[in-house]
Amino acid sequence: MTAGGYKGKILRVNLSDNKFQVDPLPKEWIKDYIGGDGFGVKILYEEVPGGTEPLGEDNKLIIATGPITGTIWPMSGRTVFISKAPLTGIWGESHVGGFLGPELKYAGYDLLVIEGKAEKPVYIQIEDSHLELRDASELWGTTTDLTTINIKKEHLDPDIQVAAIGPAGERLVRFAAVMVNHARAAGRTGMGAVLGSKNVKAIAVRGHGGVDVHDHEGFFELAKKAHLRVRENPQAQEMGKWGTWILTAVKQEIGELPTYNHRTGVFSGYEKLTGDYIRPRFTVSDRACFGCSLGCKKVNYVRTGPFAGTLEEGPEYEGLMAFGSLLGIDDYATTLKANQICNRYGMDIISAGATIGFAIESFENGLITEKDTGGLKLEWGDREQTIRLLQMIAEREDFGNLLAEGSKRAADSIGKGSEKYAIQVKGMEVSGQDGRTHRSIGLGHATGARGADHLRSLVVVDQLGYEDVAAKRWGADKLPEIIDPYTEKHKANAVFESENSYCIRDTLIVCWYSVSWPPIFWMEDFAEMLPLATGVKHLGKVENLVEIAERQITLKRLFNNREGITRKDDNLPDRFTKEPMPEGPGKGQIVDLDPMLDDYYKLRGWDLETGLPTEKTIKRLSLEWTKAHS
Ligand code: SF4
């Protein structure tokens with residue numbers, strides 16, 4: 001074994017040659033990259049040259065785990081899909097929960113790298129050392145739930161973990177998702193379209209091994225304490241009961257609930273999108289991912305109305321926002337139905353909802369007409385039409401074909417100034433936050449490696465009761481400005497810190513909710529745990545983990561720079577920088593991005609003018625090897 005926690009093996013499948021190959025995991029990667037996103041960015045930078053077509057045969061898709069995936073550490077069952085993104089043409093990744101990652105480790109592999117393109121539809125079967133490309137012609141065209149059921153049936157094994165694409169991935173919808181066991185989405189950036197472009201319908205994994213950590217007793221004792229911390233954390237308990245629905249009311253209260261395509265941050269119908277309203281009326285059971293004692297997932301059922309009979313897991317806050325307030329819909333049943341369509345067809349809910357919002361606002365302002373939409377009158381709050389549009393996008397039918405390209409490409413095609421209604425950064429639609437009412441969010445959206453991103457730098461230590469932590473991190477004298485959401489001052493420190501911390505989270509890989517909101521575990525906790533899990537002493541120091549995080553973030557930046565990304569692309573839509581928030585607690589606020597970017601680049605060691613990492617930074621982070629691949 002390479003080190004405790006790892007299987008020491010990279011499984012590669014070349015679809016063009018119909019060949020599998022098992023390579024050793026290079027030991028030196030562990031100290032510099034740990035796992036997960038870290039291994040992924042190293043491989044993608046080296047093996048997918050600049051200018052590669054995301055939907056072409058030369059792109060690769062990597063499924064990565066981390067050193068504690070499949071162990072008893074709480075919420076350690078996640079996996080990441082990594083590729084050059086069809087939605088943005090830059091760094092792409094999407095994390096997902098469920099049980100897929102642990103199963104891949106139990107089968108004996110840390111990573112799966114998918115290369116080339118199959119001649120006809122296949123699914124990849126991995127059962128320990130049994131590796132096979134199986135015919136998927138019968139599955140092609142089916143939804144992700146049926147694909148999953150049929151594969152499990154075919155092998156008479158309910159414990160097979162299935163990652164599948166739906167019709168949206170097959171049709172190369174730019175924001176197609178990979179669905180794990182149907183209900184968990186690797187949603188953002190279009191990983192489903194990459195699989196579709198390779199004629200891969202699904203990946204089915206079954207393993208019968210285990211994961212061996214370095215210090216069994218020490219790791220077990222620490223993991224036990226970690227589980228207790230999760231269970232005893234009051235915010236985690238709330239999250240277990242309500243899931244992220246808890247956020248709707250919080251966002252409404254601070255005026256940051258994206259409404260009418262981010263025009264405003266307050267929504268008159270928000271109450272029907274809160275946990276208090278939803279849980280007693282719709283929730284039938286709670287679910288959890290591998291190793292999670294929190295269980296934030298909710299299965300819900302609609303009893304009456306046009307969507308009666310809908311039974312589905314989710315949606316979380318982002319879905320309530322994307323198919324609710326963002327489109328002016330105050331009806332939970334619609335958001336559940338929309339979530340079901342996205343799950344079954346395999347689409348990212350945020351990009352799908354935001355692209356429909358873009359279309360409605362463009363229609364409202366006369367930039368597109370019924371002639372363009374095939375007779376559809378696009379209006380806010382139209383529930384049944386939203387569901388119809390989602391199906392049209394997934395099938396690339398008529399007007400849906402344009403929207404399947406995402407809001408940026410659709411705006412480029414429509415022209416007439418419609419780009420101002422495409423609320424996106426670097427091509428990825430903005431999630432359920434607003435920099436006008438929370439400046440650090442604005443900076444994080446602008447600098448995110450994969451585009452507007454709430455999962456790589458959603459700063460929480462400057463809000464919601466974490467003032468003591470913020471004071472400790474940056475000094476009590478800075479506290480008043482750090483916790484003021486309406487000032488640009490010190491926000492770069494907060495984003496720098498949270499990006500680093502989330503980066504380590506994504507190398508391990510552990511659930512978002514144990515590190516980010518609520519932040520139960522900090523970098524110090526991982527520094528204590530990692531040597532017990534791996535036996536690698538270098539990972540036991542916070543300063544080393546910070547350097548590893550900096551290395552990965554800068555390497556993703558170099559990947560994007562190679563695709564032409566510079567400071568000009570670290571931007572926000574005019575909606576946030578030129579249109580003051582029209583109402584609510586943040587009324588009159590706009591984002592002044594430039595001073596925050598200057599501060600941020602200084603912390604990262606990136607050039608202030610170009611946004612490219614300086615030579616000094618490249619050397620400091622031991623990234624000189626990238627020059628051989630530029
Ligand atoms: S908190 Fe939710 S998403 Fe995270 S591991 Fe638990 S059930 Fe899965």
# chains A, B, ... in the order shown; residues from 1 in each chain; ligands from 1
call {"tool": "select_by_dssp", "arguments": {"residues": "region 247-329 of chain A", "states": "strand (DSSP E or B)", "output": "VMD selection string"}}
result
chain A and resid 259 264 283 to 287 297 to 301 311 to 313
call {"tool": "residues_near_ligand", "arguments": {"ligand": "ligand 1", "cutoff": "6 Å", "atoms": "only C-alpha atoms and all ligand atoms", "output": "PyMOL selection string"}}
result
chain A and resi 75+97+288-289+292+294-297+511+513
call {"tool": "write_last_selection", "arguments": {"atoms": "C-alpha atoms", "output": "PDB file, in the first residue's frame"}}
result
ATOM      1  CA  MET A  75     -19.440  12.192   6.092  1.00  0.00           C
ATOM      2  CA  GLY A  97     -22.601  12.136  -2.111  1.00  0.00           C
ATOM      3  CA  ALA A 288     -28.174   9.980   4.568  1.00  0.00           C
ATOM      4  CA  CYS A 289     -25.047   9.355   2.542  1.00  0.00           C
ATOM      5  CA  CYS A 292     -23.260  10.382   7.840  1.00  0.00           C
ATOM      6  CA  LEU A 294     -26.604  13.999  10.096  1.00  0.00           C
ATOM      7  CA  GLY A 295     -28.841  12.866   7.214  1.00  0.00           C
ATOM      8  CA  CYS A 296     -29.803  16.098   5.470  1.00  0.00           C
ATOM      9  CA  LYS A 297     -31.571  14.452   2.514  1.00  0.00           C
ATOM     10  CA  CYS A 511     -19.082  16.533   2.976  1.00  0.00           C
ATOM     11  CA  TYR A 513     -21.747  20.421   5.586  1.00  0.00           C
TER      12      TYR A 513
END
call {"tool": "closest_atom_pairs", "arguments": {"of": "region 201-281 of chain A", "to": "region 574-591 of chain A", "cutoff": "9 Å", "atoms": "only C-alpha atoms", "output": "CSV"}}
result
residue,atom,partner,partner_atom,distance
A:Gln252,CA,A:Gly584,CA,8.7
A:Glu253,CA,A:Pro585,CA,7.8
A:Ile254,CA,A:Pro585,CA,6.0
A:Gly255,CA,A:Gly584,CA,5.2
A:Glu256,CA,A:Gly586,CA,8.1
A:His262,CA,A:Arg575,CA,7.6
A:Arg263,CA,A:Arg575,CA,7.3
A:Thr264,CA,A:Met581,CA,6.1
A:Gly265,CA,A:Gly584,CA,7.0
A:Val266,CA,A:Gly584,CA,6.4
call {"tool": "closest_residue", "arguments": {"among": "A:Lys556, A:Arg505, A:Arg184, A:Arg231", "to": "Gly35 (chain A)", "atoms": "only C-alpha atoms"}}
result
A:Arg505
call {"tool": "select_by_dssp", "arguments": {"residues": "region 42-289 of chain A", "states": "helix (DSSP H, G or I)", "output": "PyMOL selection string"}}
result
chain A and resi 42-47+100-107+144-154+167-170+188-197+216-232+234-254+270-273+275-282
